[in-house]
$ cat structure.csv   # CSV, C-alpha atoms
chain,number,residue,atom,x,y,z
F,262,MET,CA,101.5,94.5,83.0
F,263,ILE,CA,103.0,97.2,85.1
F,264,ILE,CA,106.6,96.7,86.5
F,265,VAL,CA,108.6,99.0,88.7
F,266,SER,CA,112.3,98.9,89.6
F,267,PHE,CA,113.5,100.7,92.8
F,268,ASN,CA,116.9,100.8,94.6
F,269,ILE,CA,115.7,101.5,98.2
F,270,ARG,CA,119.1,101.7,99.9
F,271,GLY,CA,118.0,99.5,102.8
F,272,GLY,CA,114.7,98.0,103.9
F,273,GLY,CA,115.2,97.0,107.5
F,274,ASN,CA,113.3,99.9,109.0
F,275,ALA,CA,109.6,99.5,109.5
F,276,LEU,CA,108.8,103.1,108.8
F,277,LYS,CA,110.8,103.0,105.6
F,278,ARG,CA,109.0,99.8,104.5
F,279,ARG,CA,105.6,101.5,105.1
F,280,ARG,CA,106.7,104.4,102.9
F,281,ILE,CA,107.9,102.0,100.2
F,282,SER,CA,104.4,100.4,100.3
F,283,THR,CA,102.8,103.8,99.8
F,284,ILE,CA,104.9,104.5,96.8
F,285,LEU,CA,104.2,101.2,95.2
F,286,LYS,CA,100.5,101.4,95.7
F,287,LYS,CA,100.3,104.7,93.8
F,288,GLY,CA,101.7,103.0,90.7
F,289,ASP,CA,99.4,100.0,90.9
F,290,ALA,CA,102.3,97.7,89.9
F,291,ASP,CA,102.0,94.0,89.1
F,292,ILE,CA,105.7,93.2,89.6
F,293,VAL,CA,108.2,95.1,91.8
F,294,LEU,CA,112.0,94.8,91.4
F,295,ILE,CA,113.8,96.0,94.5
F,296,GLN,CA,117.6,96.4,94.8
F,297,GLU,CA,119.9,97.0,97.8
F,298,THR,CA,117.6,95.7,100.5
F,299,LYS,CA,120.6,95.3,102.9
F,300,LEU,CA,118.8,92.4,104.4
F,301,SER,CA,121.0,89.4,105.3
F,302,ASN,CA,118.0,87.5,106.5
F,303,THR,CA,114.9,88.3,104.4
F,304,GLU,CA,111.7,87.4,106.4
F,305,GLU,CA,108.1,87.3,105.2
F,306,PHE,CA,106.9,90.1,107.5
F,307,MET,CA,109.5,92.4,106.0
F,308,VAL,CA,108.5,91.5,102.5
F,309,LYS,CA,104.8,92.1,103.2
F,310,GLY,CA,105.6,95.3,104.9
F,311,MET,CA,107.0,96.7,101.6
F,312,TRP,CA,103.7,95.9,99.8
F,313,SER,CA,101.1,95.8,102.5
F,314,GLY,CA,97.5,94.9,101.8
F,315,THR,CA,98.5,92.9,98.7
F,316,GLU,CA,98.7,89.1,98.2
F,317,VAL,CA,102.3,88.9,97.3
F,318,GLY,CA,104.8,86.3,96.1
F,319,TYR,CA,108.5,86.9,96.3
F,320,SER,CA,111.9,85.6,95.4
F,321,PHE,CA,115.1,87.1,96.9
F,322,SER,CA,118.9,87.0,97.2
F,323,ASN,CA,120.1,88.1,100.7
F,324,SER,CA,122.7,90.7,101.2
F,325,VAL,CA,126.2,89.9,102.4
F,326,GLY,CA,126.2,91.8,105.7
F,327,LEU,CA,124.8,95.2,104.8
F,328,SER,CA,126.0,95.0,101.2
F,329,GLY,CA,123.5,94.3,98.4
F,330,GLY,CA,120.3,92.3,98.6
F,331,ILE,CA,117.8,91.7,95.8
F,332,LEU,CA,114.0,91.2,96.1
F,333,SER,CA,111.4,90.5,93.4
F,334,LEU,CA,107.7,90.7,94.3
F,335,TRP,CA,104.6,90.1,92.4
F,336,ARG,CA,100.8,90.2,92.9
F,337,THR,CA,99.7,86.6,93.0
F,338,ASP,CA,96.1,87.6,92.0
F,339,ARG,CA,97.4,89.1,88.7
F,340,VAL,CA,100.7,87.3,87.8
F,341,GLU,CA,101.4,83.6,87.6
F,342,VAL,CA,105.1,82.8,88.4
F,343,LEU,CA,106.2,79.4,87.2
F,344,CYS,CA,109.7,79.3,88.7
F,345,SER,CA,112.6,81.5,89.8
F,346,PHE,CA,116.3,81.4,89.3
F,347,LYS,CA,119.3,83.5,90.5
F,348,GLY,CA,123.0,84.1,90.3
F,349,GLU,CA,125.4,86.6,91.6
F,350,GLY,CA,123.9,90.1,91.0
F,351,TYR,CA,120.5,89.0,89.7
F,352,VAL,CA,117.2,87.2,90.6
F,353,GLY,CA,114.9,86.1,87.8
F,354,ILE,CA,111.3,84.8,87.6
F,355,LYS,CA,109.5,83.1,84.7
F,356,VAL,CA,106.0,84.6,84.3
F,357,CYS,CA,103.0,83.4,82.4
F,358,TRP,CA,100.7,86.3,81.6
F,359,LYS,CA,97.9,86.3,79.0
F,360,ASP,CA,99.1,83.0,77.6
F,361,ASN,CA,102.7,84.2,77.0
F,362,PHE,CA,105.9,83.5,78.8
F,363,TYR,CA,108.2,86.3,80.1
F,364,TYR,CA,111.5,86.2,82.0
F,365,VAL,CA,111.7,89.2,84.3
F,366,VAL,CA,115.1,89.6,85.8
F,367,ASN,CA,116.0,91.9,88.7
F,368,VAL,CA,119.6,93.2,88.5
F,369,TYR,CA,121.9,94.8,91.1
F,370,SER,CA,125.3,95.2,89.7
F,371,SER,CA,128.6,95.7,91.5
F,372,CYS,CA,130.6,98.9,91.0
F,373,LEU,CA,133.6,96.9,90.1
F,374,LEU,CA,134.2,96.5,86.4
F,375,PHE,CA,135.3,92.8,86.5
F,376,LYS,CA,132.1,92.0,88.5
F,377,LYS,CA,130.0,93.9,85.9
F,378,LYS,CA,131.6,91.8,83.1
F,379,GLU,CA,130.8,88.6,85.0
F,380,LEU,CA,127.2,89.7,85.5
F,381,TRP,CA,126.7,90.6,81.8
F,382,ASN,CA,128.2,87.3,80.6
F,383,ASN,CA,126.0,85.3,83.0
F,384,LEU,CA,122.9,87.1,81.7
F,385,LEU,CA,123.9,86.5,78.1
F,386,ASN,CA,124.3,82.8,79.0
F,387,GLU,CA,121.0,82.6,80.8
F,388,LYS,CA,119.1,84.2,77.9
F,389,ALA,CA,120.6,81.8,75.5
F,390,ILE,CA,119.4,78.9,77.6
F,391,LEU,CA,116.0,80.3,78.6
F,392,SER,CA,114.8,81.1,75.2
F,393,ASP,CA,111.1,80.1,75.4
F,394,GLY,CA,109.9,83.5,76.5
F,395,GLU,CA,110.5,87.2,76.1
F,396,TRP,CA,113.0,88.9,78.3
F,397,ILE,CA,112.7,92.0,80.6
F,398,ILE,CA,115.7,93.1,82.7
F,399,GLY,CA,115.4,95.9,85.2
F,400,GLY,CA,117.3,97.3,88.0
F,401,ASP,CA,120.5,99.1,89.0
F,402,PHE,CA,123.2,98.4,86.4
F,403,ASN,CA,125.7,100.7,88.0
F,404,ALA,CA,126.7,101.7,84.4
F,405,THR,CA,125.8,104.2,81.8
F,406,LYS,CA,125.8,104.0,78.0
F,407,ASN,CA,127.4,107.4,77.3
F,408,TYR,CA,128.6,110.6,79.0
F,409,SER,CA,125.2,112.3,78.6
F,410,GLU,CA,123.8,109.8,81.1
F,411,ARG,CA,126.1,111.0,83.8
F,412,LYS,CA,126.8,114.4,85.3
F,413,GLY,CA,129.4,115.4,87.8
F,414,ARG,CA,131.4,112.1,87.6
F,415,ILE,CA,132.1,111.9,83.9
F,416,GLU,CA,135.9,111.4,84.4
F,417,ARG,CA,135.4,108.4,86.6
F,418,GLU,CA,133.1,106.7,84.0
F,419,VAL,CA,135.9,106.3,81.5
F,420,GLY,CA,137.2,103.3,83.5
F,421,ASN,CA,133.8,101.9,84.4
F,422,GLY,CA,132.8,100.2,81.2
F,423,THR,CA,130.6,102.6,79.3
F,424,ASP,CA,131.5,101.1,75.9
F,425,LEU,CA,131.3,97.5,77.3
F,426,PHE,CA,127.8,98.2,78.7
F,427,THR,CA,126.6,99.5,75.3
F,428,LYS,CA,128.1,96.4,73.7
F,429,PHE,CA,126.3,94.2,76.3
F,430,ILE,CA,122.9,95.8,75.4
F,431,HIS,CA,123.6,95.1,71.7
F,432,GLU,CA,124.6,91.5,72.3
F,433,ILE,CA,121.7,90.6,74.5
F,434,ASP,CA,119.4,92.0,71.8
F,435,LEU,CA,117.2,94.1,74.1
F,436,VAL,CA,115.9,97.6,73.7
F,437,ASP,CA,116.6,100.5,76.1
F,438,ILE,CA,113.4,102.4,75.5
F,439,PRO,CA,113.5,106.2,76.2
F,440,CYS,CA,113.0,107.9,79.5
F,441,LYS,CA,109.9,109.9,80.3
F,442,GLY,CA,110.0,112.4,83.2
F,443,LYS,CA,113.4,112.8,84.7
F,444,LYS,CA,116.6,112.3,82.8
F,445,PHE,CA,118.6,110.8,85.7
F,446,THR,CA,117.7,108.1,88.2
F,447,TRP,CA,120.4,108.6,90.9
F,448,TYR,CA,121.3,111.9,92.6
F,449,SER,CA,124.1,112.6,95.1
F,450,GLY,CA,123.1,114.2,98.4
F,451,ASN,CA,124.3,117.6,97.4
F,452,GLY,CA,122.8,117.3,94.0
F,453,LEU,CA,126.1,118.0,92.2
F,454,ALA,CA,126.4,114.5,90.7
F,455,MET,CA,123.6,112.5,89.0
F,456,SER,CA,123.4,109.6,86.6
F,457,ARG,CA,121.0,107.2,84.8
F,458,ILE,CA,122.2,103.9,86.2
F,459,ASP,CA,118.7,102.4,86.8
F,460,ARG,CA,116.8,101.2,83.7
F,461,PHE,CA,114.8,98.5,81.9
F,462,LEU,CA,116.0,96.5,78.9
F,463,VAL,CA,113.2,94.7,77.1
F,464,SER,CA,112.7,92.7,74.0
F,465,GLU,CA,111.3,94.3,70.8
F,466,VAL,CA,108.4,91.9,71.0
F,467,VAL,CA,107.4,93.3,74.4
F,468,VAL,CA,107.7,96.8,73.1
F,469,ASP,CA,105.2,96.0,70.4
F,470,ARG,CA,103.0,93.6,72.3
F,471,TRP,CA,102.5,95.8,75.4
F,472,VAL,CA,102.5,99.1,73.4
F,473,LEU,CA,105.5,100.4,75.5
F,474,VAL,CA,106.6,103.9,74.7
F,475,GLY,CA,109.0,104.7,77.5
F,476,GLN,CA,110.1,104.1,81.1
F,477,LEU,CA,108.9,106.7,83.5
F,478,VAL,CA,111.4,108.0,86.1
F,479,GLY,CA,109.5,108.8,89.3
F,480,GLU,CA,110.3,111.3,92.1
F,481,ARG,CA,113.1,110.9,94.5
F,482,ASP,CA,111.8,110.1,98.0
F,483,ILE,CA,113.3,107.7,100.5
F,484,SER,CA,116.4,106.8,98.5
F,485,ASP,CA,119.0,108.6,96.4
F,486,HIS,CA,117.6,106.5,93.6
F,487,CYS,CA,114.3,107.2,91.9
F,488,PRO,CA,111.8,104.4,91.1
F,489,VAL,CA,111.6,103.6,87.4
F,490,TRP,CA,108.2,102.4,86.0
F,491,LEU,CA,107.8,100.3,82.9
F,492,VAL,CA,104.1,100.8,81.9
F,493,LYS,CA,101.8,100.2,79.1
F,494,ASP,CA,100.7,103.5,77.7
F,495,ASN,CA,98.7,104.4,74.6
F,496,ILE,CA,99.8,108.0,74.5
F,497,ASN,CA,101.6,108.8,71.3
F,498,TRP,CA,105.1,110.0,72.4
F,499,GLY,CA,106.5,109.7,68.9
F,500,PRO,CA,108.2,106.9,66.9
F,501,LYS,CA,109.2,103.7,68.6
F,502,PRO,CA,112.9,103.0,69.2
F,503,PHE,CA,114.9,101.0,66.7
F,504,LYS,CA,118.5,99.8,66.3
F,505,PHE,CA,120.9,101.8,64.1
F,506,ASN,CA,124.4,101.0,63.1
F,507,ASP,CA,126.8,103.9,62.5
F,508,GLU,CA,128.7,101.9,59.8
F,509,TRP,CA,125.6,102.1,57.6
F,510,PHE,CA,126.7,105.6,56.7
F,511,SER,CA,129.7,104.2,55.0
F,512,LEU,CA,127.5,102.8,52.2
F,513,ASN,CA,126.9,105.2,49.4
F,514,SER,CA,123.4,103.7,48.8
F,515,PHE,CA,122.3,104.2,52.4
F,516,LEU,CA,121.0,107.8,52.4
F,517,PRO,CA,119.2,107.4,49.1
F,518,PHE,CA,117.6,104.3,50.4
F,519,VAL,CA,116.4,106.1,53.6
F,520,GLU,CA,115.1,109.0,51.5
F,521,LYS,CA,113.2,106.7,49.2
F,522,GLU,CA,111.6,104.7,52.0

$ encode --input "structure.csv" --output "structure tokens"
Amino acid sequence: MIIVSFNIRGGGNALKRRRISTILKKGDADIVLIQETKLSNTEEFMVKGMWSGTEVGYSFSNSVGLSGGILSLWRTDRVEVLCSFKGEGYVGIKVCWKDNFYYVVNVYSSCLLFKKKELWNNLLNEKAILSDGEWIIGGDFNATKNYSERKGRIEREVGNGTDLFTKFIHEIDLVDIPCKGKKFTWYSGNGLAMSRIDRFLVSEVVVDRWVLVGQLVGERDISDHCPVWLVKDNINWGPKPFKFNDEWFSLNSFLPFVEKE
């Protein structure tokens, strides 16, 4: 299954929707997660304009005025969607694909720290309840894990929950697989500031089952965000990601164990 996440920064213009459709067709996606539609009234002709020539199903959360808006689309000839669910800052779908269940959640987080905390707690609760399938979360988290994922606005990130975001990823038990292509997903207009705030978080089962080796950051085009593709790829990029706890170094037996193994 091929999934793409893309913050489009507004989808109300017909010319822009046609350009979005061209970008999506190049990647031959099965599921598309779109953030910041800025559509307070999402209509079918607008949705189909973003993925023209495709039999498409969709679930959405409208913007408040011109702020926000989330849209999840899928190819009905390839993907069976059983139900959808939503909350503030996210829209989710339950997918049956090759006899397995997956929860694919489209996230668009607020810039406000207390709103981020609410979103992360809600996702943790949803995952605890909806436990009969593997989880894939993609979108614009408006947060980075560390200073290396942000350039030009490092001092502002201190108060924006870097440590809390890293803690959330650990608690929800999902993997942030490495980026391929570009290092950053968002760029300011003058190019002086950039960050990796768009990403996918996936279960370890999905990494193994789909042979996932990375998330590919595409070219910047109609938005200040780049599309991010989660694709199956048999190219050997190196070892798969795994979790590591720094406190293991405090055990005298740890390094000898690693060397032995």

$ residues_around --input "structure.csv" --residues "Ala275 of chain F" --least-positions-apart "6" --cutoff "9 Å" --atoms "all atoms listed in the file" --output "list in words"
Met307, Gly310 and Met311 of chain F

$ closest_atom_pairs --input "structure.csv" --of "segment 381-447 of chain F" --to "segment 465-469 of chain F" --cutoff "8 Å" --atoms "all atoms listed in the file" --output "tab-separated table"
residue	atom	partner	partner_atom	distance
F:Glu395	CA	F:Val467	CA	7.1
F:Leu435	CA	F:Glu465	CA	6.8
F:Val436	CA	F:Glu465	CA	6.4

$ atom_distance --input "structure.csv" --atom1 "atom CA of Glu349 of chain F" --atom2 "atom CA of Phe375 of chain F"
12.7 Å

$ residues_around --input "structure.csv" --residues "Gly348 of chain F" --least-positions-apart "3" --cutoff "12 Å" --atoms "all atoms listed in the file" --output "PyMOL selection string"
chain F and resi 321-323+330-331+345+351-353+366-370+379-384+386-387

$ closest_residue --input "structure.csv" --among "F:Trp471, F:Tyr364, F:Trp358, F:Phe445" --to "Cys344 of chain F" --atoms "only C-alpha atoms"
F:Tyr364

$ atom_distance --input "structure.csv" --atom1 "atom CA of Gly329 of chain F" --atom2 "atom CA of Glu316 of chain F"
25.3 Å

$ closest_residue --input "structure.csv" --among "F:Leu491, F:Glu432, F:Phe461, F:Lys376" --to "Ala389 of chain F" --atoms "all atoms listed in the file"
F:Glu432

$ build_atoms --input "structure.csv" --residues "segment 347-358 of chain F" --atoms "all heavy atoms" --output "PDB file, in the frame of the given file"
ATOM      1  N   LYS F 347     118.414  82.373  90.055  1.00  0.00           N
ATOM      2  CA  LYS F 347     119.300  83.500  90.500  1.00  0.00           C
ATOM      3  C   LYS F 347     120.727  83.160  90.305  1.00  0.00           C
ATOM      4  O   LYS F 347     121.139  82.014  90.093  1.00  0.00           O
ATOM      5  CB  LYS F 347     119.008  83.723  92.028  1.00  0.00           C
ATOM      6  CG  LYS F 347     119.390  82.574  92.941  1.00  0.00           C
ATOM      7  CD  LYS F 347     119.080  82.891  94.403  1.00  0.00           C
ATOM      8  CE  LYS F 347     117.592  82.905  94.676  1.00  0.00           C
ATOM      9  NZ  LYS F 347     117.289  83.072  96.129  1.00  0.00           N
ATOM     10  N   GLY F 348     121.515  84.205  90.342  1.00  0.00           N
ATOM     11  CA  GLY F 348     123.000  84.100  90.300  1.00  0.00           C
ATOM     12  C   GLY F 348     123.531  85.345  90.951  1.00  0.00           C
ATOM     13  O   GLY F 348     122.778  86.187  91.466  1.00  0.00           O
ATOM     14  N   GLU F 349     124.818  85.493  90.949  1.00  0.00           N
ATOM     15  CA  GLU F 349     125.400  86.600  91.600  1.00  0.00           C
ATOM     16  C   GLU F 349     125.034  87.931  90.890  1.00  0.00           C
ATOM     17  O   GLU F 349     125.339  88.119  89.718  1.00  0.00           O
ATOM     18  CB  GLU F 349     126.949  86.530  91.641  1.00  0.00           C
ATOM     19  CG  GLU F 349     127.601  87.636  92.450  1.00  0.00           C
ATOM     20  CD  GLU F 349     129.096  87.449  92.620  1.00  0.00           C
ATOM     21  OE1 GLU F 349     129.620  86.406  92.174  1.00  0.00           O
ATOM     22  OE2 GLU F 349     129.732  88.356  93.203  1.00  0.00           O
ATOM     23  N   GLY F 350     124.293  88.790  91.582  1.00  0.00           N
ATOM     24  CA  GLY F 350     123.900  90.100  91.000  1.00  0.00           C
ATOM     25  C   GLY F 350     122.535  90.063  90.348  1.00  0.00           C
ATOM     26  O   GLY F 350     122.124  91.097  89.810  1.00  0.00           O
ATOM     27  N   TYR F 351     121.791  88.948  90.366  1.00  0.00           N
ATOM     28  CA  TYR F 351     120.500  89.000  89.700  1.00  0.00           C
ATOM     29  C   TYR F 351     119.551  87.882  90.317  1.00  0.00           C
ATOM     30  O   TYR F 351     119.992  86.853  90.835  1.00  0.00           O
ATOM     31  CB  TYR F 351     120.591  88.746  88.216  1.00  0.00           C
ATOM     32  CG  TYR F 351     121.111  87.394  87.785  1.00  0.00           C
ATOM     33  CD1 TYR F 351     120.237  86.356  87.456  1.00  0.00           C
ATOM     34  CD2 TYR F 351     122.480  87.145  87.684  1.00  0.00           C
ATOM     35  CE1 TYR F 351     120.704  85.118  87.054  1.00  0.00           C
ATOM     36  CE2 TYR F 351     122.950  85.917  87.266  1.00  0.00           C
ATOM     37  CZ  TYR F 351     122.054  84.902  86.953  1.00  0.00           C
ATOM     38  OH  TYR F 351     122.528  83.682  86.561  1.00  0.00           O
ATOM     39  N   VAL F 352     118.262  88.177  90.230  1.00  0.00           N
ATOM     40  CA  VAL F 352     117.200  87.200  90.600  1.00  0.00           C
ATOM     41  C   VAL F 352     116.172  87.290  89.474  1.00  0.00           C
ATOM     42  O   VAL F 352     115.718  88.372  89.085  1.00  0.00           O
ATOM     43  CB  VAL F 352     116.532  87.615  91.929  1.00  0.00           C
ATOM     44  CG1 VAL F 352     115.261  86.792  92.150  1.00  0.00           C
ATOM     45  CG2 VAL F 352     117.490  87.430  93.087  1.00  0.00           C
ATOM     46  N   GLY F 353     115.810  86.129  88.908  1.00  0.00           N
ATOM     47  CA  GLY F 353     114.900  86.100  87.800  1.00  0.00           C
ATOM     48  C   GLY F 353     113.640  85.265  88.120  1.00  0.00           C
ATOM     49  O   GLY F 353     113.686  84.350  88.946  1.00  0.00           O
ATOM     50  N   ILE F 354     112.533  85.587  87.465  1.00  0.00           N
ATOM     51  CA  ILE F 354     111.300  84.800  87.600  1.00  0.00           C
ATOM     52  C   ILE F 354     110.761  84.544  86.167  1.00  0.00           C
ATOM     53  O   ILE F 354     110.902  85.383  85.286  1.00  0.00           O
ATOM     54  CB  ILE F 354     110.232  85.482  88.439  1.00  0.00           C
ATOM     55  CG1 ILE F 354     109.921  86.899  87.926  1.00  0.00           C
ATOM     56  CG2 ILE F 354     110.650  85.507  89.895  1.00  0.00           C
ATOM     57  CD1 ILE F 354     108.807  87.606  88.672  1.00  0.00           C
ATOM     58  N   LYS F 355     110.160  83.387  85.988  1.00  0.00           N
ATOM     59  CA  LYS F 355     109.500  83.100  84.700  1.00  0.00           C
ATOM     60  C   LYS F 355     107.986  83.293  84.938  1.00  0.00           C
ATOM     61  O   LYS F 355     107.378  82.679  85.826  1.00  0.00           O
ATOM     62  CB  LYS F 355     109.739  81.638  84.291  1.00  0.00           C
ATOM     63  CG  LYS F 355     109.101  81.287  82.951  1.00  0.00           C
ATOM     64  CD  LYS F 355     109.420  79.858  82.519  1.00  0.00           C
ATOM     65  CE  LYS F 355     108.818  79.556  81.148  1.00  0.00           C
ATOM     66  NZ  LYS F 355     109.133  78.166  80.699  1.00  0.00           N
ATOM     67  N   VAL F 356     107.402  84.161  84.149  1.00  0.00           N
ATOM     68  CA  VAL F 356     106.000  84.600  84.300  1.00  0.00           C
ATOM     69  C   VAL F 356     105.160  84.140  83.165  1.00  0.00           C
ATOM     70  O   VAL F 356     105.593  84.224  82.005  1.00  0.00           O
ATOM     71  CB  VAL F 356     105.961  86.144  84.445  1.00  0.00           C
ATOM     72  CG1 VAL F 356     104.519  86.633  84.521  1.00  0.00           C
ATOM     73  CG2 VAL F 356     106.759  86.619  85.651  1.00  0.00           C
ATOM     74  N   CYS F 357     103.958  83.647  83.476  1.00  0.00           N
ATOM     75  CA  CYS F 357     103.000  83.400  82.400  1.00  0.00           C
ATOM     76  C   CYS F 357     101.881  84.455  82.585  1.00  0.00           C
ATOM     77  O   CYS F 357     101.253  84.583  83.637  1.00  0.00           O
ATOM     78  CB  CYS F 357     102.355  81.998  82.618  1.00  0.00           C
ATOM     79  SG  CYS F 357     101.128  81.598  81.355  1.00  0.00           S
ATOM     80  N   TRP F 358     101.711  85.232  81.523  1.00  0.00           N
ATOM     81  CA  TRP F 358     100.700  86.300  81.600  1.00  0.00           C
ATOM     82  C   TRP F 358     100.060  86.433  80.206  1.00  0.00           C
ATOM     83  O   TRP F 358     100.724  86.576  79.175  1.00  0.00           O
ATOM     84  CB  TRP F 358     101.454  87.646  81.902  1.00  0.00           C
ATOM     85  CG  TRP F 358     100.541  88.793  82.173  1.00  0.00           C
ATOM     86  CD1 TRP F 358      99.683  88.938  83.224  1.00  0.00           C
ATOM     87  CD2 TRP F 358     100.400  89.983  81.385  1.00  0.00           C
ATOM     88  NE1 TRP F 358      99.017  90.126  83.149  1.00  0.00           N
ATOM     89  CE2 TRP F 358      99.433  90.798  82.021  1.00  0.00           C
ATOM     90  CE3 TRP F 358     100.996  90.442  80.218  1.00  0.00           C
ATOM     91  CZ2 TRP F 358      99.054  92.027  81.519  1.00  0.00           C
ATOM     92  CZ3 TRP F 358     100.614  91.673  79.718  1.00  0.00           C
ATOM     93  CH2 TRP F 358      99.662  92.456  80.362  1.00  0.00           C
TER      94      TRP F 358
END
